[in-house]
Amino acid sequence: MLPSFLQKADIVSEASRETCVALSDCLNLFTKQEGVRNFKLEQEQEKNKILSEALETLATEHHELERSLVEGSPPVSILSEEEFYDALSGSESEGSLTCLEAVTAHAFEENEVPVSSGKHRMSEGKDCGGGDALSNGIKKHRTSLPSPMFSRNDFSIWSILRKCIGMELSKITMPVIFNEPLSFLQRLTEYMEHTYLIHKASSLSDPVERMQCVAAFAVSAVASQWERTGKPFNPLLGETYELVRDDLGFRLISEQVSHHPPISAFHAEGLNNDFIFHGSIYPKLKFWGKSVEAEPKGTITLELLDHNEAYTWTNPTCCVHNIIVGKLWIEQYGNVEIINHKTGDKCVLNFKPCGLFGKELHKVEGYIQDKSKKKLCALYGKWTECLYSVDPATFDAYKKNDKKNTEEKKNSKQTSSSEESDEMPVPDSESVFIIPGSVLLWRIAPRPPNSAQMYNFTSFAMVLNEVDKEMESVIPKTDCRLRPDIRAMENGEIDLASEEKKRLEEKQRAARKNRSKSEEDWKTRWFHQGPNPYSGAQDWIYSGSYWDRNYFNLPDIY
């Protein structure tokens with residue numbers, strides 16, 4: 001009996017040992033797997049550490065260079081002549097200007113191959129979108145681009161950025177995949193999308209009502225930047241762009257008057273001689289690591305000729321968030337002061353930053369006041385949507401009540417963290433609350449159904465690069481409709497666009513060196529430098545004669 005019992009005990013003991021070995025093996029396997037996970041986690045943490053250090057280095061280098069301009073003895077340029085805009089974001093400028101490219105370009109340079117020939121007339125290849133003529137002479141414009149945009153989701157930001165560690169921000173060239181098929185000169189022309197507001201202002205007899213329309217026009221001028229995260233192409237020195245819109249009642253000419261620093265000048269006039277709209281834009285970049293801020297330096301002037309009035313203002317600051325990871329989003333912020341130099345009236349608009357909870361996202365509000373600073377009218381809305389006017393007392397009462405409700409709502413919430421996120425906040429309401437007694441001044445036109453596949457273009461932007469044989473025979477050879485890199489990208493030929501972009505940059509660089517050797521200064525063709533006649537600020541003034549169509553001795557820039 002006892003041996004049998006001992007035999008069973010041995011069997012149980014052996015089973016226990018096997019169980020222990022199995023458990024031990026499982027534990028070892030789990031430990032190894034955990035070790036692998038910990039190793040991968042350490043790798044990711046190391047990558048994040050390197051990324052943070054790289055961002056800090058880039059931001060520090062930029063601010064040191066920026067400070068050197070203020071303190072004196074600056075370098076010839078913060079950015080190289082060929083690559084200044086490429087460190088900006090479209091903005092824009094742009095612009096609205098997007099700046100994702102400032103940290104994503106170096107890896108793409110390795111695969112770029114220069115091409116020897118670059119003269120492509122636009123009548124060759126794909127249809128460039130010239131519309132059919134209607135009986136009234138107004139062109140029927142195209143409603144889409146020849147090819148939809150490429151997806152940017154296939155490009156690893158980290159794989160590109162890690163090759164840029166230690167490089168100056170200004171030395172990174174932009175990959176064309178992050179562009180949109182427009183020049184910055186064409187992007188500036190989008191100011192004119194809501195020209196009807198200028199015509200309306202010119203038709204009004206009340207100076208306060210005129211100021212309301214001018215303010216609405218100033219807000220509408222930046223509305224097209226909403227969700228436009230593609231970067232416009234850098235204008236080449238001497239590049240021009242013209243646009244004639246009989247249906248909207250204006251014509252415009254613009255020129256890249258300086259490449260170092262980059263300055264774009266434009267001049268538009270009403271076809272009925274009712275207004276002149278002109279200015280020059282010099283986007284100043286600030287790099288903050290997670291975001292890029294573009295401050296559009298330069299004065300914008302609107303002259304209402306029937307009333308002998310002139311208005312001047314500057315655009316708000318544009319900021320592009322999540323330039324490394326996450327979804328790109330844009331906000332405009334800062335004060336815009338519109339001055340009527342005849343009456344002394346002012347309109348001070350505050351483009352609000354989104355804030356921690358996103359309540360102020362896209363909001364614009366302000367007052368029209370006379371020269372004694374008496375409030376004559378209140379304005380409010382969103383730069384992405386609309387603008388209203390209302391009696392200032394009514395607006396102040398609404399703001400006071402809204403502030404009280406906001407504080408009560410804030411006190412009822414418990415916030416887990418006070419750290420400000422770079423993710424796009426969700427506003428409390430997508431639409432503007434209309435205060436009783438308000439008058440609508442402007443509402444944005446809906447974008448076409450295919451906008452998301454067409455770089456988020458508006459209907460107005462969709463036609464900016466269209467050209468037909470008749471137009472091609474009239475416009476000068478410096479017009480950016482004839483740029484082969486932009487045309488190739490619009491046609492969906494991304495590799496050709498990249499090759500042409502590099503060729504044009506090399507050609508511009510060689511031309512600059514030749515001018516330097518011969519001590520020859522660049523001469524602008526259609527604009528000259530001088531003080532703004534109303535604000536006194538440094539500006540570029542239209543010299544005239546462009547519409548005479550005598551285009552001789554133009555530079556060969558393409």
# chains A, B, ... in the order shown; residues from 1 in each chain; ligands from 1

$ residues_around --residues "region 474-490 of chain A" --least-positions-apart "3" --cutoff "6 Å" --atoms "only C-alpha atoms" --output "ChimeraX atom specification"
/A:181,239-241,465,471,493-494,497,500-501

$ write_last_selection --atoms "N, CA, C and O atoms" --output "compact mmCIF listing (two decimals), in the first residue's frame"
# COMPACT_ATOMS: atom_id res chain seq x y z
N PRO A 181 -0.87 74.28 -56.14
CA PRO A 181 -0.47 74.76 -57.46
C PRO A 181 -0.86 76.22 -57.73
O PRO A 181 -1.59 76.53 -58.67
N GLU A 239 8.83 87.83 -61.24
CA GLU A 239 7.59 87.14 -61.61
C GLU A 239 6.41 88.09 -61.48
O GLU A 239 6.37 88.96 -60.60
N THR A 240 5.45 87.94 -62.37
CA THR A 240 4.25 88.80 -62.35
C THR A 240 2.99 87.94 -62.42
O THR A 240 3.04 86.76 -62.74
N TYR A 241 1.88 88.59 -62.12
CA TYR A 241 0.58 87.94 -62.29
C TYR A 241 -0.46 89.02 -62.55
O TYR A 241 -0.47 90.07 -61.89
N ASN A 465 -5.28 80.02 -62.00
CA ASN A 465 -4.18 79.56 -62.86
C ASN A 465 -4.66 79.09 -64.23
O ASN A 465 -3.86 78.56 -65.00
N MET A 471 -5.30 84.07 -74.15
CA MET A 471 -4.68 84.75 -73.03
C MET A 471 -3.16 84.61 -73.08
O MET A 471 -2.42 85.57 -72.80
N GLU A 493 1.44 66.04 -62.30
CA GLU A 493 2.77 65.50 -62.62
C GLU A 493 3.75 65.92 -61.52
O GLU A 493 4.54 66.85 -61.70
N ILE A 494 3.70 65.23 -60.39
CA ILE A 494 4.42 65.68 -59.20
C ILE A 494 5.93 65.59 -59.37
O ILE A 494 6.67 66.45 -58.89
N ALA A 497 7.03 68.43 -61.55
CA ALA A 497 6.93 69.67 -60.79
C ALA A 497 8.15 69.85 -59.89
O ALA A 497 8.70 70.96 -59.77
N GLU A 500 11.21 70.69 -62.08
CA GLU A 500 11.13 72.06 -62.59
C GLU A 500 11.36 73.08 -61.48
O GLU A 500 12.01 74.12 -61.69
N LYS A 501 10.85 72.80 -60.31
CA LYS A 501 11.06 73.71 -59.18
C LYS A 501 12.55 73.85 -58.87
O LYS A 501 13.06 74.96 -58.67

$ residues_around --residues "Arg443 (chain A)" --least-positions-apart "5" --cutoff "7 Å" --atoms "only C-alpha atoms" --output "short mmCIF file (atom, residue, chain, number, x, y, z; two decimals) with all heavy atoms, in the first residue's frame"
data_model
loop_
_atom_site.label_atom_id
_atom_site.label_comp_id
_atom_site.auth_asym_id
_atom_site.auth_seq_id
_atom_site.Cartn_x
_atom_site.Cartn_y
_atom_site.Cartn_z
N GLU A 385 -16.59 82.84 -41.57
CA GLU A 385 -18.03 82.68 -41.81
C GLU A 385 -18.76 83.96 -42.19
O GLU A 385 -19.36 84.04 -43.26
CB GLU A 385 -18.66 82.07 -40.55
CG GLU A 385 -20.11 81.69 -40.69
CD GLU A 385 -20.65 81.01 -39.43
OE1 GLU A 385 -19.83 80.47 -38.65
OE2 GLU A 385 -21.86 81.03 -39.22
N CYS A 386 -18.72 84.99 -41.33
CA CYS A 386 -19.59 86.14 -41.55
C CYS A 386 -19.16 87.31 -40.67
O CYS A 386 -18.34 87.16 -39.75
CB CYS A 386 -21.05 85.79 -41.25
SG CYS A 386 -21.29 85.21 -39.54
N LEU A 387 -19.76 88.49 -40.94
CA LEU A 387 -19.54 89.67 -40.10
C LEU A 387 -20.84 90.45 -40.01
O LEU A 387 -21.52 90.66 -41.03
CB LEU A 387 -18.43 90.56 -40.69
CG LEU A 387 -17.93 91.67 -39.77
CD1 LEU A 387 -17.13 91.09 -38.61
CD2 LEU A 387 -17.09 92.69 -40.54
#

$ atom_distance --atom1 "CA of Ser151 (chain A)" --atom2 "CA of Pro448 (chain A)"
19.3 Å

$ closest_atom_pairs --of "region 348-392 of chain A" --to "region 205-223 of chain A" --cutoff "9 Å" --atoms "only C-alpha atoms" --output "tab-separated table"
residue	atom	partner	partner_atom	distance
A:Leu349	CA	A:Ala215	CA	8.3
A:Val364	CA	A:Val219	CA	8.4
A:Ile368	CA	A:Val208	CA	7.7
A:Gln369	CA	A:Val208	CA	8.9
A:Leu376	CA	A:Val208	CA	7.6
A:Cys377	CA	A:Val208	CA	8.0
A:Leu379	CA	A:Gln212	CA	8.1
A:Lys382	CA	A:Val219	CA	8.6
A:Trp383	CA	A:Ala223	CA	5.6
A:Thr384	CA	A:Ala223	CA	5.2
A:Glu385	CA	A:Ala223	CA	7.6
A:Cys386	CA	A:Ser220	CA	8.2
A:Leu387	CA	A:Ala216	CA	6.4
A:Tyr388	CA	A:Ala216	CA	8.6
A:Ser389	CA	A:Gln212	CA	7.6

$ select_by_dssp --residues "region 179-420 of chain A" --states "strand (DSSP E)" --output "VMD selection string"
chain A and resid 179 to 183 231 to 233 240 to 245 250 to 259 262 to 270 275 to 287 291 to 297 300 to 304 309 to 313 317 to 321 329 to 340 346 to 351 363 to 369 375 to 382 386 to 390

$ closest_residue --among "A:Leu252, A:Val292, A:Ala510, A:Ile263" --to "Leu237 (chain A)" --atoms "only C-alpha atoms"
A:Ile263

$ closest_residue --among "A:Tyr551, A:Leu464, A:Arg512, A:Glu519" --to "Arg142 (chain A)" --atoms "only C-alpha atoms"
A:Leu464

$ closest_residue --among "A:Tyr542, A:Asn340, A:Ser372, A:Phe233" --to "His278 (chain A)" --atoms "only C-alpha atoms"
A:Tyr542

$ closest_residue --among "A:Arg245, A:Leu441, A:Lys373, A:Ile435" --to "Ala201 (chain A)" --atoms "only C-alpha atoms"
A:Leu441

$ closest_residue --among "A:Pro555, A:Gly334, A:Pro316, A:Gly279" --to "Thr189 (chain A)" --atoms "only C-alpha atoms"
A:Gly279

$ select_by_dssp --residues "region 490-549 of chain A" --states "alpha helix (DSSP H)" --output "list in words"
Glu490, Ile494, Asp495, Leu496, Ala497, Ser498, Glu499, Glu500, Lys501, Lys502, Arg503, Leu504, Glu505, Glu506, Lys507, Gln508, Arg509, Ala510, Ala511, Arg512, Lys513, Asn514, Arg515, Ser516 and Lys517 of chain A

$ write_last_selection --atoms "N, CA and C atoms" --output "PDB file, in the first residue's frame"
ATOM      1  N   GLU A 490      -0.301  71.254 -61.089  1.00  0.00           N
ATOM      2  CA  GLU A 490      -1.734  71.351 -61.337  1.00  0.00           C
ATOM      3  C   GLU A 490      -2.221  70.193 -62.198  1.00  0.00           C
ATOM      4  N   ILE A 494       3.701  65.234 -60.395  1.00  0.00           N
ATOM      5  CA  ILE A 494       4.421  65.678 -59.203  1.00  0.00           C
ATOM      6  C   ILE A 494       5.928  65.588 -59.374  1.00  0.00           C
ATOM      7  N   ASP A 495       6.430  64.550 -60.048  1.00  0.00           N
ATOM      8  CA  ASP A 495       7.876  64.406 -60.252  1.00  0.00           C
ATOM      9  C   ASP A 495       8.410  65.522 -61.156  1.00  0.00           C
ATOM     10  N   LEU A 496       7.678  65.802 -62.225  1.00  0.00           N
ATOM     11  CA  LEU A 496       8.084  66.884 -63.118  1.00  0.00           C
ATOM     12  C   LEU A 496       8.048  68.225 -62.391  1.00  0.00           C
ATOM     13  N   ALA A 497       7.026  68.426 -61.554  1.00  0.00           N
ATOM     14  CA  ALA A 497       6.932  69.672 -60.787  1.00  0.00           C
ATOM     15  C   ALA A 497       8.147  69.853 -59.886  1.00  0.00           C
ATOM     16  N   SER A 498       8.579  68.759 -59.245  1.00  0.00           N
ATOM     17  CA  SER A 498       9.744  68.816 -58.367  1.00  0.00           C
ATOM     18  C   SER A 498      11.015  69.138 -59.149  1.00  0.00           C
ATOM     19  N   GLU A 499      11.169  68.512 -60.314  1.00  0.00           N
ATOM     20  CA  GLU A 499      12.341  68.764 -61.152  1.00  0.00           C
ATOM     21  C   GLU A 499      12.363  70.210 -61.647  1.00  0.00           C
ATOM     22  N   GLU A 500      11.207  70.693 -62.085  1.00  0.00           N
ATOM     23  CA  GLU A 500      11.132  72.061 -62.589  1.00  0.00           C
ATOM     24  C   GLU A 500      11.361  73.084 -61.480  1.00  0.00           C
ATOM     25  N   LYS A 501      10.848  72.803 -60.312  1.00  0.00           N
ATOM     26  CA  LYS A 501      11.059  73.706 -59.176  1.00  0.00           C
ATOM     27  C   LYS A 501      12.548  73.852 -58.874  1.00  0.00           C
ATOM     28  N   LYS A 502      13.248  72.740 -58.854  1.00  0.00           N
ATOM     29  CA  LYS A 502      14.684  72.779 -58.581  1.00  0.00           C
ATOM     30  C   LYS A 502      15.424  73.500 -59.701  1.00  0.00           C
ATOM     31  N   ARG A 503      15.040  73.252 -60.948  1.00  0.00           N
ATOM     32  CA  ARG A 503      15.708  73.917 -62.073  1.00  0.00           C
ATOM     33  C   ARG A 503      15.530  75.431 -62.004  1.00  0.00           C
ATOM     34  N   LEU A 504      14.311  75.885 -61.697  1.00  0.00           N
ATOM     35  CA  LEU A 504      14.050  77.319 -61.615  1.00  0.00           C
ATOM     36  C   LEU A 504      14.839  77.969 -60.482  1.00  0.00           C
ATOM     37  N   GLU A 505      14.939  77.276 -59.350  1.00  0.00           N
ATOM     38  CA  GLU A 505      15.711  77.812 -58.234  1.00  0.00           C
ATOM     39  C   GLU A 505      17.186  77.928 -58.601  1.00  0.00           C
ATOM     40  N   GLU A 506      17.717  76.922 -59.310  1.00  0.00           N
ATOM     41  CA  GLU A 506      19.114  76.970 -59.726  1.00  0.00           C
ATOM     42  C   GLU A 506      19.339  78.079 -60.761  1.00  0.00           C
ATOM     43  N   LYS A 507      18.367  78.268 -61.631  1.00  0.00           N
ATOM     44  CA  LYS A 507      18.479  79.318 -62.635  1.00  0.00           C
ATOM     45  C   LYS A 507      18.469  80.691 -61.975  1.00  0.00           C
ATOM     46  N   GLN A 508      17.607  80.865 -60.987  1.00  0.00           N
ATOM     47  CA  GLN A 508      17.540  82.136 -60.272  1.00  0.00           C
ATOM     48  C   GLN A 508      18.839  82.398 -59.494  1.00  0.00           C
ATOM     49  N   ARG A 509      19.382  81.340 -58.910  1.00  0.00           N
ATOM     50  CA  ARG A 509      20.636  81.464 -58.168  1.00  0.00           C
ATOM     51  C   ARG A 509      21.781  81.875 -59.097  1.00  0.00           C
ATOM     52  N   ALA A 510      21.829  81.275 -60.289  1.00  0.00           N
ATOM     53  CA  ALA A 510      22.880  81.602 -61.248  1.00  0.00           C
ATOM     54  C   ALA A 510      22.744  83.044 -61.736  1.00  0.00           C
ATOM     55  N   ALA A 511      21.511  83.487 -61.958  1.00  0.00           N
ATOM     56  CA  ALA A 511      21.283  84.867 -62.405  1.00  0.00           C
ATOM     57  C   ALA A 511      21.735  85.860 -61.338  1.00  0.00           C
ATOM     58  N   ARG A 512      21.499  85.534 -60.099  1.00  0.00           N
ATOM     59  CA  ARG A 512      21.918  86.417 -59.010  1.00  0.00           C
ATOM     60  C   ARG A 512      23.441  86.516 -58.941  1.00  0.00           C
ATOM     61  N   LYS A 513      24.132  85.393 -59.117  1.00  0.00           N
ATOM     62  CA  LYS A 513      25.595  85.405 -59.094  1.00  0.00           C
ATOM     63  C   LYS A 513      26.144  86.228 -60.248  1.00  0.00           C
ATOM     64  N   ASN A 514      25.533  86.120 -61.414  1.00  0.00           N
ATOM     65  CA  ASN A 514      25.984  86.899 -62.570  1.00  0.00           C
ATOM     66  C   ASN A 514      25.804  88.395 -62.328  1.00  0.00           C
ATOM     67  N   ARG A 515      24.668  88.773 -61.706  1.00  0.00           N
ATOM     68  CA  ARG A 515      24.462  90.193 -61.393  1.00  0.00           C
ATOM     69  C   ARG A 515      25.493  90.673 -60.378  1.00  0.00           C
ATOM     70  N   SER A 516      25.819  89.802 -59.431  1.00  0.00           N
ATOM     71  CA  SER A 516      26.789  90.165 -58.412  1.00  0.00           C
ATOM     72  C   SER A 516      28.171  90.392 -59.013  1.00  0.00           C
ATOM     73  N   LYS A 517      28.555  89.548 -59.987  1.00  0.00           N
ATOM     74  CA  LYS A 517      29.861  89.683 -60.626  1.00  0.00           C
ATOM     75  C   LYS A 517      29.949  90.984 -61.433  1.00  0.00           C
TER      76      LYS A 517
END
